[in-house]
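Chemist: Have a look at the structure that comes next, please.
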Amino acid sequence: MTVARADDGDGDGAGTRSYTPAVSSEEAFVRRFHREQPGATARALARGRVIGGAGSSYDALAAATPRGGRVLDLGCGDGYLLARLIAHGHAPAALFGLDVSADELALARAAQPAAALTQARAQALPFAAGGFGAVVSHLAWTLMPELEAIVGELARVLAPGGRFLAVVGGGPRGEDAFAGLLELAAPYAAAAPPTPRLGDARARTDAGLAALFTPAAGFAPPAIVDWAIDLAGDAAAVWAALSPSYHLATVPAAARAALEAAFLDAAPRWRRADGLIAATMYARLVSVDRRG
């Protein structure tokens, strides 16, 4: 097992901790997916809009993030959430990003050179205790194993009164093109090599979150807000948003092309009155405060 080192981004090495690179088939799969499709998550969801809100799920998360302290983006990917945090008033020099994918981090470094970016695992954060006013995560939290270890690390690196905010979920909401694509894709996914089961179901359920974030762990009870995210567009745009998914990652190119053709052929059945193809995603905003 290889062990790498990383520091807290301040340049002095304070708070340095070891982290373990990919050691499981699940994490190796995620790294491979993002090596082949870097930036796919942001390309898919940045165009979406939270119904009843203002802007995308990235914007809604950034707007909910307390300003004035250092912020860590857990699973920062290509840095799109970091950009939205800056747009919502956060100082670039106060932003930190962490991801297991070197390919995503390369995009993030090019886009956000002022942010401190580190390749590491959330189960062993390479940062000093109490250094962050907020830790945020956009959909990455639901992919992570060893949640007890991560919650312990969150409690360690958050300052008293600090906040963890995560967008979780990602499944279809309603009987539109999102649900329709999953139905069409089922036989193609079944015929392809299996993909690993990622994450832990407790990351997205009320009971699971309450069991993880407890007073004994150093946290107040989670607050949860349900969202519906509108991903409507023309048929090609909806396909482009929904098709870069983990469960379709092993579908061969020829079968993927056949699935795309089947989806585009079926898309008119989900056309809205405004002419766009309806596609709605279910998500939740989880907010948890670190007790003083």
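Residues are named by chain letter and number: chains run A, B, ... in the order of the structure tokens, numbers start at 1 in each chain, and ligands are numbered from 1 in the order shown.
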Enumerate, in order of chain and increasing residue number, the residues of segment 221-267 of chain A with an atom no farther than 12 Å from segment 147-164 of chain A, each with its shortest atom pair and distance in Å to one decimal, counting only C-alpha atoms, as JSON lines.
Modeler:
{"residue": "A:Pro221", "atom": "CA", "partner": "A:Phe164", "partner_atom": "CA", "distance": 11.5}
{"residue": "A:Pro222", "atom": "CA", "partner": "A:Phe164", "partner_atom": "CA", "distance": 9.4}
{"residue": "A:Ala223", "atom": "CA", "partner": "A:Phe164", "partner_atom": "CA", "distance": 10.5}
{"residue": "A:Ile224", "atom": "CA", "partner": "A:Phe164", "partner_atom": "CA", "distance": 11.9}
Chemist: Go ahead and write the selection's residues with C-alpha atoms as a PDB file, in the first residue's frame.
Modeler:
ATOM      1  CA  PRO A 221     -28.942  17.214  14.233  1.00  0.00           C
ATOM      2  CA  PRO A 222     -28.897  17.518  10.423  1.00  0.00           C
ATOM      3  CA  ALA A 223     -31.249  19.932   8.649  1.00  0.00           C
ATOM      4  CA  ILE A 224     -32.470  18.615   5.297  1.00  0.00           C
TER       5      ILE A 224
END
Chemist: So which residues touch Leu276 of chain A within 9 Å, counting only C-alpha atoms, skipping near sequence neighbours fewer than 6 positions away, as a list in words?
Modeler: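 My reading of the contact set: Ala232, Gly233, Asp234, Ala235 and Trp270 of chain A.
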Chemist: How many Å lie between atom CA of Gln119 of chain A and atom CA of Ala211 of chain A, rounded to one decimal?
Modeler: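 Taking atom CA of Gln119 of chain A and atom CA of Ala211 of chain A, their separation equals 28.6 Å.
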Chemist: For segment 136-146 of chain A, find every residue with an atom within 8 Å (counting only C-alpha atoms), except residues of its own chain fewer than 5 positions away, and show them as a ChimeraX atom specification.
Modeler: /A:58,61,65,71-76,81,123,164-170,198-201,203-204
Chemist: Between A:Gly131, A:Gly292, A:Gly48, A:Pro38, which one has atoms that come closest to Ala241 of chain A, using only C-alpha atoms?
Modeler: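 Closest to Ala241 of chain A, using only C-alpha atoms: A:Gly48.
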Chemist: From segment 47-196 of chain A, collect each residue whose DSSP state is helix (DSSP H, G or I) and return the set as a PyMOL selection string.
Modeler: chain A and resi 57-64+80-87+92-94+102-111+122-124+140-143+147-157+177-191
Chemist: What is the distance between atom CA of Tyr80 of chain A and atom CA of Gln112 of chain A, in Å to one decimal?
Modeler: 8.8 Å
Chemist: Do a neighbour search on Gly174 of chain A at 9 Å with only C-alpha atoms, toss out local chain neighbours closer than 5 positions, and write the hits as a PyMOL selection string.
Modeler: chain A and resi 179+279-282
Chemist: Using only C-alpha atoms, find the one residue out of A:Ala106, A:Ala190, A:Ala42, A:Ala64 that sits nearest to Ala83 of chain A.
Modeler: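 Selected residue with least distance to Ala83 of chain A: A:Ala42.
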Chemist: Give me, as a VMD selection string, all polymer residues having an atom no more than 9 Å from Gly218 of chain A, counting only C-alpha atoms and skipping those fewer than 2 positions away in the same chain.
Modeler: chain A and resid 152 155 213 to 216 220 289 to 292
Chemist: Keeping only C-alpha atoms, take the residues you just selected and write them out as a PDB file, in the first residue's frame.
Modeler:
ATOM      1  CA  GLY A 152     -14.733  12.060  12.499  1.00  0.00           C
ATOM      2  CA  ALA A 155     -15.533  17.063  13.334  1.00  0.00           C
ATOM      3  CA  PHE A 213     -24.120  13.131  12.807  1.00  0.00           C
ATOM      4  CA  THR A 214     -24.809  12.779  16.509  1.00  0.00           C
ATOM      5  CA  PRO A 215     -23.991  14.872  19.593  1.00  0.00           C
ATOM      6  CA  ALA A 216     -21.459  12.199  20.547  1.00  0.00           C
ATOM      7  CA  ALA A 220     -26.103  19.120  15.976  1.00  0.00           C
ATOM      8  CA  ASP A 289     -23.440  22.315  12.432  1.00  0.00           C
ATOM      9  CA  ARG A 290     -20.331  21.454  14.459  1.00  0.00           C
ATOM     10  CA  ARG A 291     -21.073  21.859  18.138  1.00  0.00           C
ATOM     11  CA  GLY A 292     -18.901  24.274  20.096  1.00  0.00           C
TER      12      GLY A 292
END
Chemist: State, in Å with one decimal place, the distance from atom CA of Ala185 of chain A to atom CA of Leu285 of chain A.
Modeler: 27.8 Å
Chemist: Measuring atom to atom with only C-alpha atoms, identify which of A:His88, A:Ser57, A:Arg284, A:Arg32 is nearest to Leu209 of chain A.
Modeler: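 The shortest atom-to-atom distance to Leu209 of chain A comes from A:Arg284.
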Chemist: Contacts of segment 89-98 of chain A at 9 Å or less, counting only C-alpha atoms, minus same-chain residues fewer than 3 places along, as a ChimeraX atom specification?
Modeler: /A:8-9,62-63,66-77,79,82-86,101,105,108,112-122,125
Chemist: Choose the residue, out of A:Val286, A:Ala28, A:Ala228, A:Ala111, that has the smallest atom-to-atom separation from Pro196 of chain A; count only C-alpha atoms.
Modeler: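 Of A:Val286, A:Ala28, A:Ala228, A:Ala111, the one nearest Pro196 of chain A, counting only C-alpha atoms, is A:Ala28.
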Chemist: Could you tell me, as number ranges by chain, which residues of segment 16-115 of chain A DSSP assigns to strand (DSSP E) when given the backbone?
Modeler: A: 17-19, 49-50, 71-74, 95-99
Chemist: Export, as an mmCIF file, in the first residue's frame, the selected residues with N, CA and C atoms.
Modeler:
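Contents of the output file result_30.cif:
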data_model
loop_
_atom_site.group_PDB
_atom_site.id
_atom_site.type_symbol
_atom_site.label_atom_id
_atom_site.label_comp_id
_atom_site.auth_asym_id
_atom_site.auth_seq_id
_atom_site.Cartn_x
_atom_site.Cartn_y
_atom_site.Cartn_z
ATOM 1 N N ARG A 17 -0.975 15.260 7.357
ATOM 2 C CA ARG A 17 -1.439 13.909 7.681
ATOM 3 C C ARG A 17 -1.227 13.034 6.465
ATOM 4 N N SER A 18 -1.077 11.747 6.682
ATOM 5 C CA SER A 18 -0.933 10.826 5.563
ATOM 6 C C SER A 18 -2.296 10.503 4.984
ATOM 7 N N TYR A 19 -2.314 10.166 3.699
ATOM 8 C CA TYR A 19 -3.542 9.670 3.109
ATOM 9 C C TYR A 19 -3.205 8.468 2.244
ATOM 10 N N ARG A 49 -31.432 23.840 -12.980
ATOM 11 C CA ARG A 49 -31.963 24.885 -12.116
ATOM 12 C C ARG A 49 -32.799 24.260 -11.009
ATOM 13 N N VAL A 50 -32.541 24.684 -9.764
ATOM 14 C CA VAL A 50 -33.360 24.228 -8.646
ATOM 15 C C VAL A 50 -34.738 24.840 -8.783
ATOM 16 N N VAL A 71 -13.032 27.600 3.535
ATOM 17 C CA VAL A 71 -14.015 26.627 3.055
ATOM 18 C C VAL A 71 -13.285 25.505 2.333
ATOM 19 N N LEU A 72 -13.622 24.262 2.669
ATOM 20 C CA LEU A 72 -13.080 23.078 2.002
ATOM 21 C C LEU A 72 -14.165 22.437 1.162
ATOM 22 N N ASP A 73 -13.871 22.242 -0.122
ATOM 23 C CA ASP A 73 -14.767 21.533 -1.031
ATOM 24 C C ASP A 73 -14.309 20.081 -1.089
ATOM 25 N N LEU A 74 -15.122 19.197 -0.537
ATOM 26 C CA LEU A 74 -14.805 17.773 -0.413
ATOM 27 C C LEU A 74 -15.289 17.059 -1.674
ATOM 28 N N LEU A 95 -10.267 29.376 -0.155
ATOM 29 C CA LEU A 95 -10.910 28.168 -0.670
ATOM 30 C C LEU A 95 -9.905 27.042 -0.835
ATOM 31 N N PHE A 96 -10.324 25.849 -0.432
ATOM 32 C CA PHE A 96 -9.516 24.642 -0.522
ATOM 33 C C PHE A 96 -10.349 23.565 -1.216
ATOM 34 N N GLY A 97 -9.694 22.758 -2.008
ATOM 35 C CA GLY A 97 -10.382 21.667 -2.675
ATOM 36 C C GLY A 97 -9.628 20.368 -2.508
ATOM 37 N N LEU A 98 -10.386 19.272 -2.417
ATOM 38 C CA LEU A 98 -9.795 17.944 -2.237
ATOM 39 C C LEU A 98 -10.533 16.958 -3.123
ATOM 40 N N ASP A 99 -9.779 16.084 -3.778
ATOM 41 C CA ASP A 99 -10.395 15.071 -4.637
ATOM 42 C C ASP A 99 -9.429 13.903 -4.769
#
